[in-house]
Amino acid sequence: MRVGVVVFPGSTCDRDCLQALRQVGAQAEEVWHTERDLRGLDAVILPGGFSYGDYLRAGAVAARCPVMEAVRSFARAGGAVLGICNGFQILLEAGLLPGAMVRNRCGRFVCRDVYVRVESVRTPVTWTLRSGQVLRLPVAHGEGCYIPPAGLDPRQVVFRYCDASGRLRPSANPNGSVAHIAGVCNAAGNVVGMMPHPERATDALLGSADGVPLLEGLRRLDSRSRLAAGGRGR
Amino acid sequence: MSAVRAMSAAGGLASADYRELCRRLGRPPKVTELRMAAAMWSEHCGYRRSRHLLRLLPSDGPRVIRGPGDNAGVVDLRDGWAVAFKMESHNHPSAVDPFHGAATGVGGIVRDILAMGARPVALVDSLRFGPLDDPAARRLARGVVAGISAYANCIGVPTVAGELATHPRYRGAPLVNVACVGLARRELLARSAASEPGSAVVLAGARTGRDGIGGAAFASAELDPSRDDRDRTAVQLGDPLAGKLLIEATLEALRTGQVVAVQDLGAAGLTCAASEMADRGGVGMEVDLDAVPLREGGMTPDEILLSESQERMLLVVRPEAAGAIVSLYRRWGLSAAVVGRVTPGSRLRVRASGVTVASLPAAVLARAPAVRPAARPPADLRRRWTVPPVPEADPDRALLALLAHPSVASKEPVFRQYDHTVQIRTVIPPGAADAAVLRLGEVPPLALAVACDGDGRLCDLDPYRGARRAVAEAAANLACVGAEPLGVTDCLNFGDPHTPEVFWAFRQAVAGLAAACRQLEIPVVGGNVSFYNTSEVGPVLPTPVVTMVGWLPDVRRTCRAGFSRPGDVVALVGRAHPTLEASAYLAVVWGADAGRPADVDLAAHRRVLAVVREAVRQGWLHSAHDCSDGGLAVALAESAALGGVGVDAVVPDADRVDAALFGEVPSRVVVSLPDNALRSLTSLAEAWGVPVTVLGRTGGRRVRLAVRGRRGWAVDLPVRRLRAAYRSLEGLV
């Protein structure tokens with residue numbers, strides 16, 4: 001499986017994503033922000049950071065980069081796209097995911113570990129997990145308060161902030177996101193955005209290895225399609 | 001008086017310096033030359049009053065690759081990997097504009113590490129403010145933290161450690177010291193000495209604008225509240241996106257092998273970088289100001305030469321590669337241009353619009369004349385060594401007050417605003433142990449540890465002992481995570497050096513740092529001096545701050561500060577006699593900064609640290625935490641609050657209950673461990689001649705402390721209440 005990690009000017013988690021993907025055995029490569037062709041890739045990650053300094057609005061400038069046209073076609077063709085943190089913000093700005101992001105309710109940048117509950121297992125990152133499974137992942141963002149559009153299909157919610165036992169509580173929500181939403185997907189389920197950083201939770205030494213199954217989900221996508229194909233045949 | 005001579009006063013050059021400049025040149029200087037000299041001979045750039053003393057600091061060691069005098073110190077790690085680190089102050093800009101002042105402080109120190117060819121992997125900051133009940137101090141603290149957060153987070157370098165303390169003597173004169181740690185391949189280490197005449201000089205990064213002009217001189221004088229507006233133009237504005245791009249582009253440029261030398265542009269901008277690089281290499285340099293990419297029109301040659309616009313690097317590049325290096329930077333969206341070339345000889349020549357505006361030996365600028373100020377101990381020092389008679393405070397109340405004091409309290413509300421997990425190295429996050437620990441995927445299973453210490457209150461009472469204590473505590477912090485020191489970088493923050501008492505304290509502090517580092521065999525590989533930290537309340541407390549970097553052989557064998565399990569044995573390693581002199585207890589509970597701080601017995605200290613370090617590496621300990629502000633009681637309470645596990649302990653007696661609980665003395669470490677490891681610890685300690693005292697046991701939801709030989713619990717508080725007190729900074733910053 002070849003996974004591309006897009007490098008925007010100001011991406012800061014590109015190297016972390018590449019390292020974590022290689023750790024789980026994926027073939028990972030950089031994709032420069034001027035790239036217009038993503039053929040040959042099986043999945044694309046838009047990493048965290050401060051693309052273009054987030055100077056206008058988080059993700060706003062990056063969403064209008066040449067590579068985003070390519071990401072759009074890639075997604076339209078059913079390719080797996082994962083936006084993490086700033087990557088999530090870029091996907092929202094690009095209109096590939098529904099909703100909008102505003103400053104954290106506390107008004108400050110927040111870096112800490114949170115728990116999230118898996119709400120949907122029909123995405124390329126969660127398909128190997130159980131619904132309701134609780135993961136411990138780090139967040140680090142200043143603009144992570146997610147505002148869903150009116151009438152968001154609840155099946156598009158992929159993760160919600162929760163406490164260690166999976167209960168939804170205001171104190172477990174680091175940024176004031178509406179309905180504790182930490183990650184969403186598009187209607188087709190192949191484009192996912194999430195605020196927590198799975199690539200930072202890839203070793204118990206770092207506090208958690210709960211990000212590994214999410215990245216492994218991407219690496220094993222071909223077996224998922226085989227499964228799906230097998231499912232249809234029965 | 002000539003026009004140039006009259007300007008020398010305005011330009012910040014004293015008349016003796018003017019005469020010296022004329023002597024060195026053999027003629028009166030041109031206007032531009034005078035301005036360049038005034039900037040380079042400022043205390044901030046020239047280290048004129050400190051240089052002769054800084055030579056006392058030991059900078060040699062078997063691992064040292066680059067020492068003081070370079071952009072940052074570099075020590076050897078293993079397998080061709082080296083670690084670069086340096087600390088610097090950004091006090092004056094932060095006093096005027098806390099957000100941008102602190103942000104550009106981060107940017108500046110990151111570029112120093114980058115200039116060594118190292119990738120920045122960690123930041124550490126040491127902050128001092130006036131008491132936070134004062135809204136002005138709170139505004140400064142919030143601005144500084146927000147500035148660090150904005151810049152450091154945006155460039156993707158984790159802030160992993162630091163300290164924050166408050167004292168009335170920092171009111172109006174905050175200290176913002178930032179250290180950066182970087183990793184480099186030895187063979188890719190960059191040089192900062194220009195060489196190879198004919199090489200191209202490339203200015204890369206952000207464009208040059210009018211910000212920060214006169215910044216070096218500004219940082220070399222006291223702030224004047226009445227001219228706040230004029231000072232404001234001396235504060236640079238940071239552009240963290242450009243800072244991030246500069247990191248990636250410069251590392252890529254260095255990998256081409258075509259870069260002969262590189263230096264960042266900081267104080268005194270292009271003037272400083274060009275003259276220092278030429279002087280270090282013993283070569284000349286020609287610079288054409290018409291080629292400098294400018295942000296705004298109409299800038300004069302002097303403005304271009306002295307601009308302190310951020311995010312710029314000066315590179316000396318093989319001539320045939322100049323075009324490729326320029327396009328490399330442009331690919332990263334940065335500006336770059338060939339602005340000159342290296343020449344034979346030793347002269348720095350600057351041209352603008354075809355006219356030579358300066359032509360002088362680089363050494364004239366780069367080697368500012370030394371000054372040896374008068375020094376005199378403060379007349380009231382001995383009086384301040386007398387501890388006033390104070391009654392014994394209620395131990396519960398005293399403990400809560402100490403835990404809630406900003407200098408002791410948990411810095412979690414600050415650390416939470418810094419991205420400390422980016423780069424996926426952070427094994428021990430800030431605040432969880434006495435030092436931060438970073439895994440090194442490059443050389444597994446090695447890890448780096450970083451700690452930062454400085455105590456202005458102690459140094460105000462005895463700068464020599466206070467500085468030794470800072471080194472000793474940083475080394476103890478490293479030992480508590482199982483790390484061995486690799487080196488030190490320091491930031492020396494003092495008032496006006498013309499004041500003999502201030503300069504005396506500076507001299508004593510440097511002597512203390514030198515003595516401690518020499519005896520502990522820790523090289524000081526770089527640092528920075530910041531004078532003129534003075535406000536209407538007088539000079540700041542003399543504040544030498546030490547950032548110590550260490551290494552661990554195995555990242556899996558480290559240790560945190562919080563009690564992690566109920567039922568563990570709690571023991572004290574080291575048994576020095578605690579004293580209330582110069583204690584945080586006297587200061588916080590009784591409002592008295594009084595007494596002479598206990599000195600550290602460095603030979604005994606080394607043995608205590610050897611025992612703790614080995615015990616951590618053997619995996620015997622479940623927690624290790626050194627006793628610092630607030631003594632044994634605070635150390636025990638902190639371990640309980642951090643781990644959420646209570647403790648019952650009996651502390652050794654002293655002449656008073658408060659001295660037994662809150663008395664301070666270096667070389668004591670509180671550890672917790674399972675019963676079956678106690679035997680191993682005690683025999684190891686015995687072999688080193690270090691006493692180990694069993695104090696009690698972890699467990700329950702209360703912290704109960706008794707004093708040996710005295711009846712009942714002196715302290716009996718729920719962990720919940722200690723935690724609440726420990727979290728007093730919540731909402732303040």
# chains A, B, ... in the order shown; residues from 1 in each chain; ligands from 1

call {"tool": "residues_around", "arguments": {"residues": "region 43-60 of chain A", "least_positions_apart": "5", "cutoff": "6 Å", "atoms": "only C-alpha atoms", "output": "ChimeraX atom specification"}}
result
/A:3-6,8-14,80-87,89-90,93 /B:154,241

call {"tool": "residues_around", "arguments": {"residues": "region 424-428 of chain B", "least_positions_apart": "5", "cutoff": "7 Å", "atoms": "only C-alpha atoms", "output": "number ranges by chain"}}
result
A: 16, 200, 205-206; B: 433, 436-440

call {"tool": "select_by_dssp", "arguments": {"residues": "region 58-158 of chain A", "states": "strand (DSSP E or B)", "output": "number ranges by chain"}}
result
A: 80-84, 100-102, 110-118, 134-141, 145-147, 157-158

call {"tool": "closest_residue", "arguments": {"among": "B:Gly156, B:Gly699, B:Pro388, B:Gly80", "to": "chain A", "atoms": "only C-alpha atoms"}}
result
B:Gly156

call {"tool": "residues_around", "arguments": {"residues": "Glu35 (chain A)", "least_positions_apart": "4", "cutoff": "10 Å", "atoms": "only C-alpha atoms", "output": "list of chain:residue names"}}
result
A:Val6, A:Val7, A:Val31, A:Cys65, A:Pro66, A:Val67, A:Met68, A:Glu69, A:Ala70, A:Val71

call {"tool": "closest_atom_pairs", "arguments": {"of": "chain B", "to": "chain A", "cutoff": "9 Å", "atoms": "only C-alpha atoms", "output": "JSON lines"}}
result
{"residue": "B:Ala146", "atom": "CA", "partner": "A:Arg108", "partner_atom": "CA", "distance": 8.2}
{"residue": "B:Ser149", "atom": "CA", "partner": "A:Phe109", "partner_atom": "CA", "distance": 7.5}
{"residue": "B:Ala150", "atom": "CA", "partner": "A:Phe109", "partner_atom": "CA", "distance": 8.5}
{"residue": "B:Asn153", "atom": "CA", "partner": "A:Gly49", "partner_atom": "CA", "distance": 8.2}
{"residue": "B:Cys154", "atom": "CA", "partner": "A:Phe50", "partner_atom": "CA", "distance": 5.6}
{"residue": "B:Ile155", "atom": "CA", "partner": "A:Thr12", "partner_atom": "CA", "distance": 6.7}
{"residue": "B:Gly156", "atom": "CA", "partner": "A:Thr12", "partner_atom": "CA", "distance": 4.9}
{"residue": "B:Val157", "atom": "CA", "partner": "A:Thr12", "partner_atom": "CA", "distance": 8.4}
{"residue": "B:Asp239", "atom": "CA", "partner": "A:Gly53", "partner_atom": "CA", "distance": 8.3}
{"residue": "B:Pro240", "atom": "CA", "partner": "A:Gly53", "partner_atom": "CA", "distance": 7.0}
{"residue": "B:Leu241", "atom": "CA", "partner": "A:Gly53", "partner_atom": "CA", "distance": 4.8}
{"residue": "B:Ala242", "atom": "CA", "partner": "A:Gly53", "partner_atom": "CA", "distance": 8.3}
{"residue": "B:Lys244", "atom": "CA", "partner": "A:Gly10", "partner_atom": "CA", "distance": 6.3}
{"residue": "B:Leu245", "atom": "CA", "partner": "A:Gly10", "partner_atom": "CA", "distance": 6.7}
{"residue": "B:Trp332", "atom": "CA", "partner": "A:Pro9", "partner_atom": "CA", "distance": 7.3}
{"residue": "B:Gly333", "atom": "CA", "partner": "A:Pro9", "partner_atom": "CA", "distance": 8.1}
{"residue": "B:Phe415", "atom": "CA", "partner": "A:Cys111", "partner_atom": "CA", "distance": 7.9}
{"residue": "B:Arg416", "atom": "CA", "partner": "A:Cys111", "partner_atom": "CA", "distance": 4.9}
{"residue": "B:Gln417", "atom": "CA", "partner": "A:Phe109", "partner_atom": "CA", "distance": 4.8}
{"residue": "B:Tyr418", "atom": "CA", "partner": "A:Cys111", "partner_atom": "CA", "distance": 6.4}
{"residue": "B:Asp419", "atom": "CA", "partner": "A:Cys111", "partner_atom": "CA", "distance": 5.5}
{"residue": "B:His420", "atom": "CA", "partner": "A:Cys111", "partner_atom": "CA", "distance": 7.0}
{"residue": "B:Thr421", "atom": "CA", "partner": "A:Arg200", "partner_atom": "CA", "distance": 7.0}
{"residue": "B:Val422", "atom": "CA", "partner": "A:Cys13", "partner_atom": "CA", "distance": 6.9}
{"residue": "B:Gln423", "atom": "CA", "partner": "A:Asp16", "partner_atom": "CA", "distance": 5.8}
{"residue": "B:Ile424", "atom": "CA", "partner": "A:Arg200", "partner_atom": "CA", "distance": 5.4}
{"residue": "B:Arg425", "atom": "CA", "partner": "A:Leu206", "partner_atom": "CA", "distance": 7.2}
{"residue": "B:Thr426", "atom": "CA", "partner": "A:Leu206", "partner_atom": "CA", "distance": 6.1}
{"residue": "B:Val427", "atom": "CA", "partner": "A:Leu206", "partner_atom": "CA", "distance": 4.8}
{"residue": "B:Ile428", "atom": "CA", "partner": "A:Leu206", "partner_atom": "CA", "distance": 7.7}
{"residue": "B:Pro429", "atom": "CA", "partner": "A:Leu206", "partner_atom": "CA", "distance": 8.9}
{"residue": "B:Arg439", "atom": "CA", "partner": "A:Leu205", "partner_atom": "CA", "distance": 8.7}
{"residue": "B:Val555", "atom": "CA", "partner": "A:Leu205", "partner_atom": "CA", "distance": 8.4}
{"residue": "B:Arg556", "atom": "CA", "partner": "A:Leu205", "partner_atom": "CA", "distance": 7.4}

call {"tool": "residues_around", "arguments": {"residues": "Gly466 (chain B)", "least_positions_apart": "3", "cutoff": "9 Å", "atoms": "only C-alpha atoms", "output": "PDB file with N, CA and C atoms, in the first residue's frame"}}
result
ATOM      1  N   GLY B 454      17.167  27.715  37.887  1.00  0.00           N
ATOM      2  CA  GLY B 454      17.777  28.979  38.271  1.00  0.00           C
ATOM      3  C   GLY B 454      16.972  29.530  39.426  1.00  0.00           C
ATOM      4  N   ASP B 455      17.629  30.110  40.403  1.00  0.00           N
ATOM      5  CA  ASP B 455      16.901  30.622  41.557  1.00  0.00           C
ATOM      6  C   ASP B 455      17.443  31.992  41.931  1.00  0.00           C
ATOM      7  N   GLY B 456      16.748  33.029  41.449  1.00  0.00           N
ATOM      8  CA  GLY B 456      17.183  34.394  41.707  1.00  0.00           C
ATOM      9  C   GLY B 456      17.154  34.752  43.184  1.00  0.00           C
ATOM     10  N   ARG B 457      16.205  34.153  43.909  1.00  0.00           N
ATOM     11  CA  ARG B 457      16.092  34.476  45.333  1.00  0.00           C
ATOM     12  C   ARG B 457      17.349  34.020  46.079  1.00  0.00           C
ATOM     13  N   LEU B 458      17.791  32.812  45.779  1.00  0.00           N
ATOM     14  CA  LEU B 458      19.027  32.317  46.407  1.00  0.00           C
ATOM     15  C   LEU B 458      20.211  33.174  45.984  1.00  0.00           C
ATOM     16  N   CYS B 459      20.268  33.508  44.700  1.00  0.00           N
ATOM     17  CA  CYS B 459      21.423  34.266  44.192  1.00  0.00           C
ATOM     18  C   CYS B 459      21.463  35.673  44.767  1.00  0.00           C
ATOM     19  N   ASP B 460      20.300  36.219  45.095  1.00  0.00           N
ATOM     20  CA  ASP B 460      20.278  37.547  45.686  1.00  0.00           C
ATOM     21  C   ASP B 460      20.912  37.498  47.077  1.00  0.00           C
ATOM     22  N   LEU B 461      20.809  36.343  47.722  1.00  0.00           N
ATOM     23  CA  LEU B 461      21.372  36.202  49.067  1.00  0.00           C
ATOM     24  C   LEU B 461      22.819  35.704  49.018  1.00  0.00           C
ATOM     25  N   ASP B 462      23.158  34.987  47.981  1.00  0.00           N
ATOM     26  CA  ASP B 462      24.544  34.553  47.797  1.00  0.00           C
ATOM     27  C   ASP B 462      24.707  34.072  46.346  1.00  0.00           C
ATOM     28  N   PRO B 463      25.157  34.974  45.481  1.00  0.00           N
ATOM     29  CA  PRO B 463      25.197  34.615  44.057  1.00  0.00           C
ATOM     30  C   PRO B 463      26.126  33.447  43.754  1.00  0.00           C
ATOM     31  N   ARG B 469      24.075  26.080  43.263  1.00  0.00           N
ATOM     32  CA  ARG B 469      22.844  25.321  43.530  1.00  0.00           C
ATOM     33  C   ARG B 469      22.053  25.091  42.235  1.00  0.00           C
ATOM     34  N   ALA B 470      22.052  26.081  41.338  1.00  0.00           N
ATOM     35  CA  ALA B 470      21.318  25.912  40.073  1.00  0.00           C
ATOM     36  C   ALA B 470      21.911  24.752  39.271  1.00  0.00           C
ATOM     37  N   VAL B 471      23.231  24.698  39.198  1.00  0.00           N
ATOM     38  CA  VAL B 471      23.889  23.606  38.471  1.00  0.00           C
ATOM     39  C   VAL B 471      23.592  22.272  39.164  1.00  0.00           C
ATOM     40  N   ALA B 509      28.383  34.907  40.529  1.00  0.00           N
ATOM     41  CA  ALA B 509      27.550  33.865  39.902  1.00  0.00           C
ATOM     42  C   ALA B 509      28.363  33.091  38.873  1.00  0.00           C
ATOM     43  N   GLY B 512      30.596  30.794  40.605  1.00  0.00           N
ATOM     44  CA  GLY B 512      29.852  29.655  41.145  1.00  0.00           C
ATOM     45  C   GLY B 512      29.520  28.640  40.063  1.00  0.00           C
ATOM     46  N   LEU B 513      29.074  29.134  38.918  1.00  0.00           N
ATOM     47  CA  LEU B 513      28.779  28.224  37.798  1.00  0.00           C
ATOM     48  C   LEU B 513      30.035  27.471  37.389  1.00  0.00           C
ATOM     49  N   THR B 543      19.956  36.517  38.303  1.00  0.00           N
ATOM     50  CA  THR B 543      19.319  35.251  37.921  1.00  0.00           C
ATOM     51  C   THR B 543      20.095  34.498  36.847  1.00  0.00           C
ATOM     52  N   PRO B 544      21.071  33.698  37.272  1.00  0.00           N
ATOM     53  CA  PRO B 544      21.683  32.799  36.294  1.00  0.00           C
ATOM     54  C   PRO B 544      20.779  31.582  36.094  1.00  0.00           C
ATOM     55  N   PRO B 597      22.011  30.979  51.901  1.00  0.00           N
ATOM     56  CA  PRO B 597      21.673  29.660  51.367  1.00  0.00           C
ATOM     57  C   PRO B 597      22.753  28.638  51.703  1.00  0.00           C
ATOM     58  N   ALA B 598      22.319  27.424  52.001  1.00  0.00           N
ATOM     59  CA  ALA B 598      23.286  26.352  52.236  1.00  0.00           C
ATOM     60  C   ALA B 598      24.070  26.123  50.955  1.00  0.00           C
ATOM     61  N   ASP B 599      25.355  25.876  51.094  1.00  0.00           N
ATOM     62  CA  ASP B 599      26.160  25.573  49.910  1.00  0.00           C
ATOM     63  C   ASP B 599      25.976  24.103  49.576  1.00  0.00           C
TER      64      ASP B 599
END

call {"tool": "residues_around", "arguments": {"residues": "Val124 (chain B)", "least_positions_apart": "4", "cutoff": "9 Å", "atoms": "only C-alpha atoms", "output": "list in words"}}
result
Met87, Pro158, Thr159, Val160, Ala161, Gly162, Glu163, Asn177, Val178, Ala179, Cys180, Val181, Val450, Ala451, Cys452 and Thr547 of chain B

call {"tool": "residues_around", "arguments": {"residues": "Asp658 (chain B)", "least_positions_apart": "3", "cutoff": "9 Å", "atoms": "only C-alpha atoms", "output": "PyMOL selection string"}}
result
chain B and resi 392-395+398+580+585+654-655+661-663

call {"tool": "write_last_selection", "arguments": {"atoms": "N, CA and C atoms", "output": "short mmCIF file (atom, residue, chain, number, x, y, z; two decimals), in the first residue's frame"}}
result
data_model
loop_
_atom_site.label_atom_id
_atom_site.label_comp_id
_atom_site.auth_asym_id
_atom_site.auth_seq_id
_atom_site.Cartn_x
_atom_site.Cartn_y
_atom_site.Cartn_z
N GLU B 392 6.63 29.12 64.56
CA GLU B 392 6.40 27.99 63.67
C GLU B 392 5.00 28.11 63.09
N ALA B 393 4.90 28.07 61.78
CA ALA B 393 3.59 28.20 61.14
C ALA B 393 2.83 26.89 61.23
N ASP B 394 1.52 26.96 61.09
CA ASP B 394 0.71 25.76 61.03
C ASP B 394 1.15 24.96 59.80
N PRO B 395 1.62 23.72 59.97
CA PRO B 395 2.22 23.00 58.84
C PRO B 395 1.24 22.79 57.67
N ALA B 398 0.98 26.09 55.85
CA ALA B 398 2.24 26.43 55.20
C ALA B 398 2.43 25.58 53.94
N LEU B 580 16.30 26.52 57.45
CA LEU B 580 15.29 27.50 57.01
C LEU B 580 15.93 28.69 56.33
N TYR B 585 10.01 28.64 52.35
CA TYR B 585 9.08 28.75 53.49
C TYR B 585 9.17 30.14 54.12
N ALA B 654 14.59 17.98 62.93
CA ALA B 654 15.52 19.11 62.88
C ALA B 654 15.26 19.92 64.13
N ASP B 655 15.91 21.06 64.29
CA ASP B 655 15.71 21.81 65.53
C ASP B 655 14.29 22.36 65.68
N LEU B 661 10.25 19.96 58.12
CA LEU B 661 9.33 19.79 56.99
C LEU B 661 9.73 20.62 55.78
N PHE B 662 10.03 21.90 56.03
CA PHE B 662 10.19 22.85 54.91
C PHE B 662 11.61 23.37 54.73
N GLY B 663 12.53 22.94 55.60
CA GLY B 663 13.92 23.38 55.48
C GLY B 663 14.51 22.87 54.18
#

call {"tool": "residues_around", "arguments": {"residues": "Leu92 (chain A)", "least_positions_apart": "3", "cutoff": "9 Å", "atoms": "only C-alpha atoms", "output": "VMD selection string"}}
result
chain A and resid 59 to 60 63 87 to 89 95 to 101 193
